[in-house]
Amino acid sequence: MSQAMLRQILDYSNRADPYPLYEELRRTPVFRDEDGPYVVSTYHEIQGLLHDPRISSDPRNLTLPSSDPLAQEDGGDSALPPVFLKLDPPDHDRLRRITNRPFGPPHSPHKIHDMRGELDGIVAGLIQGIVDTGSPERIDLVDQFSYPFPVTVICRLLGVPPEDETRFHGWADTIAAGLDPDPDADPTEKPKAADAQMELGMYLAGLIEERSKDPGEDMLSQLAAAGQDPDGGMSALEAISTAALLLIAGHETTVNLITNGMLTLLRHPDVLQRLREDPQLAVPIVEELLRYEPPVQLLPRRSTIDDIEVAGVNIPKGATVSLILASGNRDPKRFENPDRFDPDRGDIQHLGLGSGIHSCFGAPLARMEAQLALSELARRLENPRLLEDPPPYRQNAVLRGPRHLPIACDGIRP
C-alpha cells in the first residue's frame, strides 16, 4: 500500500465510483507511505478515533513533516479565526455551545421542527420554478433544486434579508468553487474565492452589528448577543467566522445529500416507487443514504497529540491522520452486504454525519431537508429518469457529489 492509492482517490476519473478503491484500502486498516498521512479506513478504528481525545482537529498540532495530498481538499486558510470544526476542547466546546443555543436542544428544542412549514414552502416554490420553465424533458436537479434549497434555508435561519439572498447564493457558489480543487482550473479562481470570503465576512459583520442594536429571532441576532454569554462570550470575529461556517457547511453537505439521494433512487426505481407511495419511508432512506453515499467522504488533516496505537500500528505524536468515513460505511465487518442500498437495513449506525464531539452540528436540519426534498420529488415528478449516468461530478474528493444531475420526467404533479 502506498501514497499512490491516495492519489487515485483524488484522481477525478475515480470520482463517480471510489468504492473499489476504499475496498482495497480496508485490506490495510491503517497505512502510511514514507512521508504521507496515516490513513484509517475501517469502521471500528474510525469510530474509536472520532471519540479519542488524543486525536486533534486543530491543524496547529500537526508538528511532524508530512506530504499530504489531501491537504488541498481541506478548504485552505482564512483571515477569520478558526471555526470550531478546527478547534479542540475547551475552545471548541465553548463556541459550539454558544452557537447551538439558538439552533437546537436543549435551549431551542423546537427550532428545527418549527421550520417544517417554511421548508415545505421553499420546496414547493422550487418545484413550481421547474414547472414554470416548461422543460421537464431536461432538468438540472442541482442548479434548479438541490443547490438553491439549502442555501435559501440557511439564509432564513441566519436572518439574511430576502433581498440579499441572491448575493448570498453568489458568494456561496464562489467559495464552494474554492473548496473544489481542480488541477486544471483557472488559477484566478482561488483569489475569487478569497475575495468572496472577504466580502461575505464584511457583509456578515455589518448584519451582526445591526442585530446587536436591533435584535430579532434569527441566529445572527443570537450570535450578536453572544458577547454576554455565560460561557465566556464570542468575539465579533468569532461570530463572523461562525456565521460563515453555518452558511458554507450548512448547505454544501446538504446539496450533496439530496443530489446523491436522488441519483441513488433513480438507480433503484423500486425504492423510489415505495417512497412515492409512502413518504414516511424518507426517514430510513436518508439514513441509508448517509451510509451508502455520504456527502462528506473523508476527514483529512487530523493529528495526534500523543503517541497512539491503532490496529497494531503505532502513530507518533504530531502525525497527520486521515479518516475515510465512506470506506468505514462500507466495511463488511460492520455492515452486511455493505455495497447494497437497503433502506430496510436494521442496524445503521453510520459515520455519514461523523461522531463524537465533532459530529455534524446541523444534522437535524440536514436530515429534515433531505427527507422533505426526496419525498416531494418522488411524489411530484412523473416517470423521472437519468439522462447521464454517471453524471458529471465535482472535483472535490472530500465533499463528493454530482456537479450537475440532468434528469427528465413526463410531467410534474400538482
# chains A, B, ... in the order shown; residues from 1 in each chain; ligands from 1
>>> select_by_dssp(residues="segment 357-388 of chain A", states="alpha helix (DSSP H)", output="list of chain:residue names")
A:Ala363, A:Pro364, A:Leu365, A:Ala366, A:Arg367, A:Met368, A:Glu369, A:Ala370, A:Gln371, A:Leu372, A:Ala373, A:Leu374, A:Ser375, A:Glu376, A:Leu377, A:Ala378, A:Arg379, A:Arg380
>>> write_last_selection(atoms="C-alpha atoms", output="PDB file, in the first residue's frame")
ATOM      1  CA  ALA A 363     -27.606  17.041  11.425  1.00  0.00           C
ATOM      2  CA  PRO A 364     -31.287  17.535  12.425  1.00  0.00           C
ATOM      3  CA  LEU A 365     -31.768  20.219   9.778  1.00  0.00           C
ATOM      4  CA  ALA A 366     -29.885  18.285   7.075  1.00  0.00           C
ATOM      5  CA  ARG A 367     -31.986  15.199   7.773  1.00  0.00           C
ATOM      6  CA  MET A 368     -35.250  17.141   7.590  1.00  0.00           C
ATOM      7  CA  GLU A 369     -34.237  18.928   4.377  1.00  0.00           C
ATOM      8  CA  ALA A 370     -33.247  15.682   2.661  1.00  0.00           C
ATOM      9  CA  GLN A 371     -36.337  13.793   3.831  1.00  0.00           C
ATOM     10  CA  LEU A 372     -38.653  16.531   2.634  1.00  0.00           C
ATOM     11  CA  ALA A 373     -36.814  17.087  -0.647  1.00  0.00           C
ATOM     12  CA  LEU A 374     -36.667  13.427  -1.671  1.00  0.00           C
ATOM     13  CA  SER A 375     -40.243  12.609  -0.658  1.00  0.00           C
ATOM     14  CA  GLU A 376     -41.621  15.609  -2.592  1.00  0.00           C
ATOM     15  CA  LEU A 377     -39.507  14.914  -5.674  1.00  0.00           C
ATOM     16  CA  ALA A 378     -40.659  11.284  -5.611  1.00  0.00           C
ATOM     17  CA  ARG A 379     -44.297  12.358  -5.282  1.00  0.00           C
ATOM     18  CA  ARG A 380     -44.360  15.099  -7.896  1.00  0.00           C
TER      19      ARG A 380
END
>>> closest_residue(among="A:Met198, A:Ile175, A:Ala205, A:Ala408", to="Ser135 of chain A", atoms="only C-alpha atoms")
A:Ala408
>>> atom_distance(atom1="atom CA of Pro295 of chain A", atom2="atom CA of Pro59 of chain A")
22.4 Å
>>> residues_around(residues="segment 263-279 of chain A", least_positions_apart="3", cutoff="12 Å", atoms="only C-alpha atoms", output="PyMOL selection string")
chain A and resi 16+140-142+146+256-260+282-286+288-290+292-294+340-344+370-393+401-409+413
>>> residues_around(residues="Lys213 of chain A", least_positions_apart="4", cutoff="10 Å", atoms="only C-alpha atoms", output="PDB file with N, CA, C and O atoms, in the first residue's frame")
ATOM      1  N   ILE A 208     -24.377  41.624  11.704  1.00  0.00           N
ATOM      2  CA  ILE A 208     -24.245  41.339  13.138  1.00  0.00           C
ATOM      3  C   ILE A 208     -24.255  42.643  13.931  1.00  0.00           C
ATOM      4  O   ILE A 208     -24.868  42.736  15.006  1.00  0.00           O
ATOM      5  N   GLU A 209     -23.607  43.663  13.398  1.00  0.00           N
ATOM      6  CA  GLU A 209     -23.621  44.972  14.060  1.00  0.00           C
ATOM      7  C   GLU A 209     -25.046  45.523  14.131  1.00  0.00           C
ATOM      8  O   GLU A 209     -25.479  46.040  15.175  1.00  0.00           O
ATOM      9  N   SER A 221     -28.834  37.424  15.258  1.00  0.00           N
ATOM     10  CA  SER A 221     -29.131  38.200  16.464  1.00  0.00           C
ATOM     11  C   SER A 221     -28.589  37.498  17.697  1.00  0.00           C
ATOM     12  O   SER A 221     -28.035  38.131  18.611  1.00  0.00           O
ATOM     13  N   ALA A 224     -24.872  37.861  17.724  1.00  0.00           N
ATOM     14  CA  ALA A 224     -24.513  39.228  18.088  1.00  0.00           C
ATOM     15  C   ALA A 224     -24.578  39.436  19.592  1.00  0.00           C
ATOM     16  O   ALA A 224     -23.818  40.227  20.157  1.00  0.00           O
ATOM     17  N   ALA A 225     -25.483  38.704  20.252  1.00  0.00           N
ATOM     18  CA  ALA A 225     -25.642  38.830  21.702  1.00  0.00           C
ATOM     19  C   ALA A 225     -24.725  37.894  22.470  1.00  0.00           C
ATOM     20  O   ALA A 225     -24.737  37.892  23.705  1.00  0.00           O
TER      21      ALA A 225
END
>>> select_by_dssp(residues="segment 289-400 of chain A", states="strand (DSSP E)", output="PyMOL selection string")
chain A and resi 299-304+308-310+313-315+320-323+381-382+385-386
>>> residues_around(residues="Leu119 of chain A", least_positions_apart="2", cutoff="9 Å", atoms="only C-alpha atoms", output="list in words")
Met115, Arg116, Gly117, Gly121, Ile122, Val123, Ala124, Phe149, Val153, Met368, Glu369 and Leu372 of chain A
>>> residues_around(residues="segment 157-171 of chain A", least_positions_apart="2", cutoff="6 Å", atoms="only C-alpha atoms", output="list in words")
Ile154, Cys155, Asp173, Thr174, Ala196, Asp218, Met219 and Leu220 of chain A
>>> atom_distance(atom1="atom CA of Ala239 of chain A", atom2="atom CA of Asp58 of chain A")
18.7 Å
>>> residues_around(residues="Leu223 of chain A", least_positions_apart="6", cutoff="12 Å", atoms="only C-alpha atoms", output="PyMOL selection string")
chain A and resi 95-103+158-159+204-205+207-212+215-217+229+233-244+246
>>> closest_residue(among="A:Leu25, A:Arg7, A:Val40, A:Val398", to="Val313 of chain A", atoms="only C-alpha atoms")
A:Val40
>>> atom_distance(atom1="atom CA of Pro136 of chain A", atom2="atom CA of Leu281 of chain A")
25.3 Å
>>> closest_residue(among="A:Asn14, A:His110, A:Ile324, A:Ile305", to="Asp88 of chain A", atoms="only C-alpha atoms")
A:Ile305
>>> closest_residue(among="A:Ser327, A:Gly352, A:Asp347, A:Pro37", to="Glu23 of chain A", atoms="only C-alpha atoms")
A:Ser327
>>> closest_residue(among="A:His113, A:Gln47, A:Asp331, A:Leu247", to="Arg27 of chain A", atoms="only C-alpha atoms")
A:Asp331
>>> decode(residues="segment 85-119 of chain A", atoms="N, CA, C and O atoms", output="mmCIF file, in the first residue's frame")
data_model
loop_
_atom_site.group_PDB
_atom_site.id
_atom_site.type_symbol
_atom_site.label_atom_id
_atom_site.label_comp_id
_atom_site.auth_asym_id
_atom_site.auth_seq_id
_atom_site.Cartn_x
_atom_site.Cartn_y
_atom_site.Cartn_z
ATOM 1 N N LEU A 85 -14.984 23.699 14.061
ATOM 2 C CA LEU A 85 -14.626 22.423 13.435
ATOM 3 C C LEU A 85 -13.130 22.157 13.499
ATOM 4 O O LEU A 85 -12.698 21.012 13.441
ATOM 5 N N LYS A 86 -12.337 23.223 13.582
ATOM 6 C CA LYS A 86 -10.881 23.088 13.567
ATOM 7 C C LYS A 86 -10.265 23.470 14.904
ATOM 8 O O LYS A 86 -9.132 23.925 14.974
ATOM 9 N N LEU A 87 -11.035 23.264 15.956
ATOM 10 C CA LEU A 87 -10.545 23.525 17.302
ATOM 11 C C LEU A 87 -10.798 22.307 18.183
ATOM 12 O O LEU A 87 -11.642 21.461 17.870
ATOM 13 N N ASP A 88 -10.081 22.242 19.285
ATOM 14 C CA ASP A 88 -10.250 21.188 20.288
ATOM 15 C C ASP A 88 -10.860 21.807 21.548
ATOM 16 O O ASP A 88 -10.873 23.025 21.710
ATOM 17 N N PRO A 89 -11.348 20.961 22.461
ATOM 18 C CA PRO A 89 -11.780 21.482 23.760
ATOM 19 C C PRO A 89 -10.601 22.168 24.457
ATOM 20 O O PRO A 89 -9.457 21.748 24.269
ATOM 21 N N PRO A 90 -10.863 23.237 25.235
ATOM 22 C CA PRO A 90 -12.190 23.764 25.596
ATOM 23 C C PRO A 90 -12.745 24.793 24.609
ATOM 24 O O PRO A 90 -13.915 25.129 24.679
ATOM 25 N N ASP A 91 -11.889 25.326 23.696
ATOM 26 C CA ASP A 91 -12.370 26.371 22.783
ATOM 27 C C ASP A 91 -13.483 25.853 21.875
ATOM 28 O O ASP A 91 -14.473 26.549 21.622
ATOM 29 N N HIS A 92 -13.327 24.629 21.388
ATOM 30 C CA HIS A 92 -14.367 24.035 20.545
ATOM 31 C C HIS A 92 -15.689 23.978 21.299
ATOM 32 O O HIS A 92 -16.739 24.369 20.775
ATOM 33 N N ASP A 93 -15.644 23.490 22.532
ATOM 34 C CA ASP A 93 -16.875 23.295 23.304
ATOM 35 C C ASP A 93 -17.571 24.629 23.574
ATOM 36 O O ASP A 93 -18.802 24.733 23.477
ATOM 37 N N ARG A 94 -16.782 25.644 23.895
ATOM 38 C CA ARG A 94 -17.363 26.963 24.182
ATOM 39 C C ARG A 94 -18.104 27.502 22.953
ATOM 40 O O ARG A 94 -19.280 27.895 23.036
ATOM 41 N N LEU A 95 -17.437 27.516 21.798
ATOM 42 C CA LEU A 95 -18.047 28.085 20.599
ATOM 43 C C LEU A 95 -19.229 27.251 20.121
ATOM 44 O O LEU A 95 -20.248 27.790 19.683
ATOM 45 N N ARG A 96 -19.113 25.928 20.227
ATOM 46 C CA ARG A 96 -20.215 25.083 19.766
ATOM 47 C C ARG A 96 -21.440 25.246 20.666
ATOM 48 O O ARG A 96 -22.568 25.290 20.175
ATOM 49 N N ARG A 97 -21.226 25.329 21.971
ATOM 50 C CA ARG A 97 -22.355 25.520 22.897
ATOM 51 C C ARG A 97 -23.077 26.831 22.622
ATOM 52 O O ARG A 97 -24.303 26.890 22.570
ATOM 53 N N ILE A 98 -22.304 27.906 22.440
ATOM 54 C CA ILE A 98 -22.912 29.210 22.183
ATOM 55 C C ILE A 98 -23.715 29.167 20.887
ATOM 56 O O ILE A 98 -24.844 29.662 20.812
ATOM 57 N N THR A 99 -23.132 28.569 19.849
ATOM 58 C CA THR A 99 -23.791 28.521 18.543
ATOM 59 C C THR A 99 -25.043 27.657 18.603
ATOM 60 O O THR A 99 -26.034 27.936 17.917
ATOM 61 N N ASN A 100 -25.016 26.627 19.418
ATOM 62 C CA ASN A 100 -26.129 25.676 19.453
ATOM 63 C C ASN A 100 -27.363 26.236 20.165
ATOM 64 O O ASN A 100 -28.478 25.780 19.923
ATOM 65 N N ARG A 101 -27.168 27.232 21.021
ATOM 66 C CA ARG A 101 -28.299 27.715 21.835
ATOM 67 C C ARG A 101 -29.489 28.156 20.991
ATOM 68 O O ARG A 101 -30.615 27.768 21.279
ATOM 69 N N PRO A 102 -29.286 28.961 19.934
ATOM 70 C CA PRO A 102 -30.452 29.344 19.134
ATOM 71 C C PRO A 102 -30.815 28.322 18.062
ATOM 72 O O PRO A 102 -31.790 28.513 17.331
ATOM 73 N N PHE A 103 -30.049 27.238 17.964
ATOM 74 C CA PHE A 103 -30.208 26.304 16.852
ATOM 75 C C PHE A 103 -30.959 25.033 17.228
ATOM 76 O O PHE A 103 -31.596 24.407 16.392
ATOM 77 N N GLY A 104 -30.865 24.626 18.481
ATOM 78 C CA GLY A 104 -31.492 23.356 18.824
ATOM 79 C C GLY A 104 -31.481 23.075 20.310
ATOM 80 O O GLY A 104 -31.226 23.965 21.125
ATOM 81 N N PRO A 105 -31.760 21.827 20.683
ATOM 82 C CA PRO A 105 -31.831 21.434 22.096
ATOM 83 C C PRO A 105 -30.493 21.656 22.788
ATOM 84 O O PRO A 105 -29.453 21.582 22.140
ATOM 85 N N PRO A 106 -30.515 21.892 24.121
ATOM 86 C CA PRO A 106 -31.712 21.942 24.980
ATOM 87 C C PRO A 106 -32.355 23.323 25.042
ATOM 88 O O PRO A 106 -33.452 23.465 25.552
ATOM 89 N N HIS A 107 -31.665 24.365 24.512
ATOM 90 C CA HIS A 107 -32.152 25.729 24.687
ATOM 91 C C HIS A 107 -33.289 26.073 23.726
ATOM 92 O O HIS A 107 -34.188 26.832 24.065
ATOM 93 N N SER A 108 -33.225 25.547 22.492
ATOM 94 C CA SER A 108 -34.250 25.847 21.487
ATOM 95 C C SER A 108 -34.757 24.532 20.899
ATOM 96 O O SER A 108 -34.520 24.231 19.720
ATOM 97 N N PRO A 109 -35.459 23.721 21.707
ATOM 98 C CA PRO A 109 -35.760 22.342 21.295
ATOM 99 C C PRO A 109 -36.686 22.241 20.088
ATOM 100 O O PRO A 109 -36.682 21.221 19.405
ATOM 101 N N HIS A 110 -37.461 23.284 19.791
ATOM 102 C CA HIS A 110 -38.431 23.191 18.700
ATOM 103 C C HIS A 110 -37.978 23.942 17.448
ATOM 104 O O HIS A 110 -38.741 24.038 16.487
ATOM 105 N N LYS A 111 -36.768 24.491 17.463
ATOM 106 C CA LYS A 111 -36.324 25.365 16.377
ATOM 107 C C LYS A 111 -36.429 24.684 15.008
ATOM 108 O O LYS A 111 -37.029 25.230 14.080
ATOM 109 N N ILE A 112 -35.854 23.498 14.880
ATOM 110 C CA ILE A 112 -35.844 22.823 13.578
ATOM 111 C C ILE A 112 -37.252 22.321 13.237
ATOM 112 O O ILE A 112 -37.727 22.499 12.107
ATOM 113 N N HIS A 113 -37.914 21.726 14.195
ATOM 114 C CA HIS A 113 -39.271 21.223 13.956
ATOM 115 C C HIS A 113 -40.192 22.333 13.469
ATOM 116 O O HIS A 113 -41.004 22.139 12.550
ATOM 117 N N ASP A 114 -40.052 23.517 14.062
ATOM 118 C CA ASP A 114 -40.940 24.623 13.721
ATOM 119 C C ASP A 114 -40.641 25.220 12.351
ATOM 120 O O ASP A 114 -41.424 26.035 11.847
ATOM 121 N N MET A 115 -39.515 24.829 11.734
ATOM 122 C CA MET A 115 -39.195 25.312 10.393
ATOM 123 C C MET A 115 -39.861 24.480 9.301
ATOM 124 O O MET A 115 -39.775 24.827 8.123
ATOM 125 N N ARG A 116 -40.527 23.405 9.682
ATOM 126 C CA ARG A 116 -41.057 22.470 8.684
ATOM 127 C C ARG A 116 -41.961 23.167 7.657
ATOM 128 O O ARG A 116 -41.839 22.936 6.450
ATOM 129 N N GLY A 117 -42.870 24.031 8.142
ATOM 130 C CA GLY A 117 -43.769 24.707 7.221
ATOM 131 C C GLY A 117 -43.022 25.596 6.243
ATOM 132 O O GLY A 117 -43.351 25.650 5.043
ATOM 133 N N GLU A 118 -41.987 26.286 6.727
ATOM 134 C CA GLU A 118 -41.196 27.146 5.855
ATOM 135 C C GLU A 118 -40.438 26.314 4.820
ATOM 136 O O GLU A 118 -40.352 26.683 3.641
ATOM 137 N N LEU A 119 -39.904 25.169 5.243
ATOM 138 C CA LEU A 119 -39.211 24.281 4.295
ATOM 139 C C LEU A 119 -40.172 23.771 3.236
ATOM 140 O O LEU A 119 -39.820 23.700 2.047
#
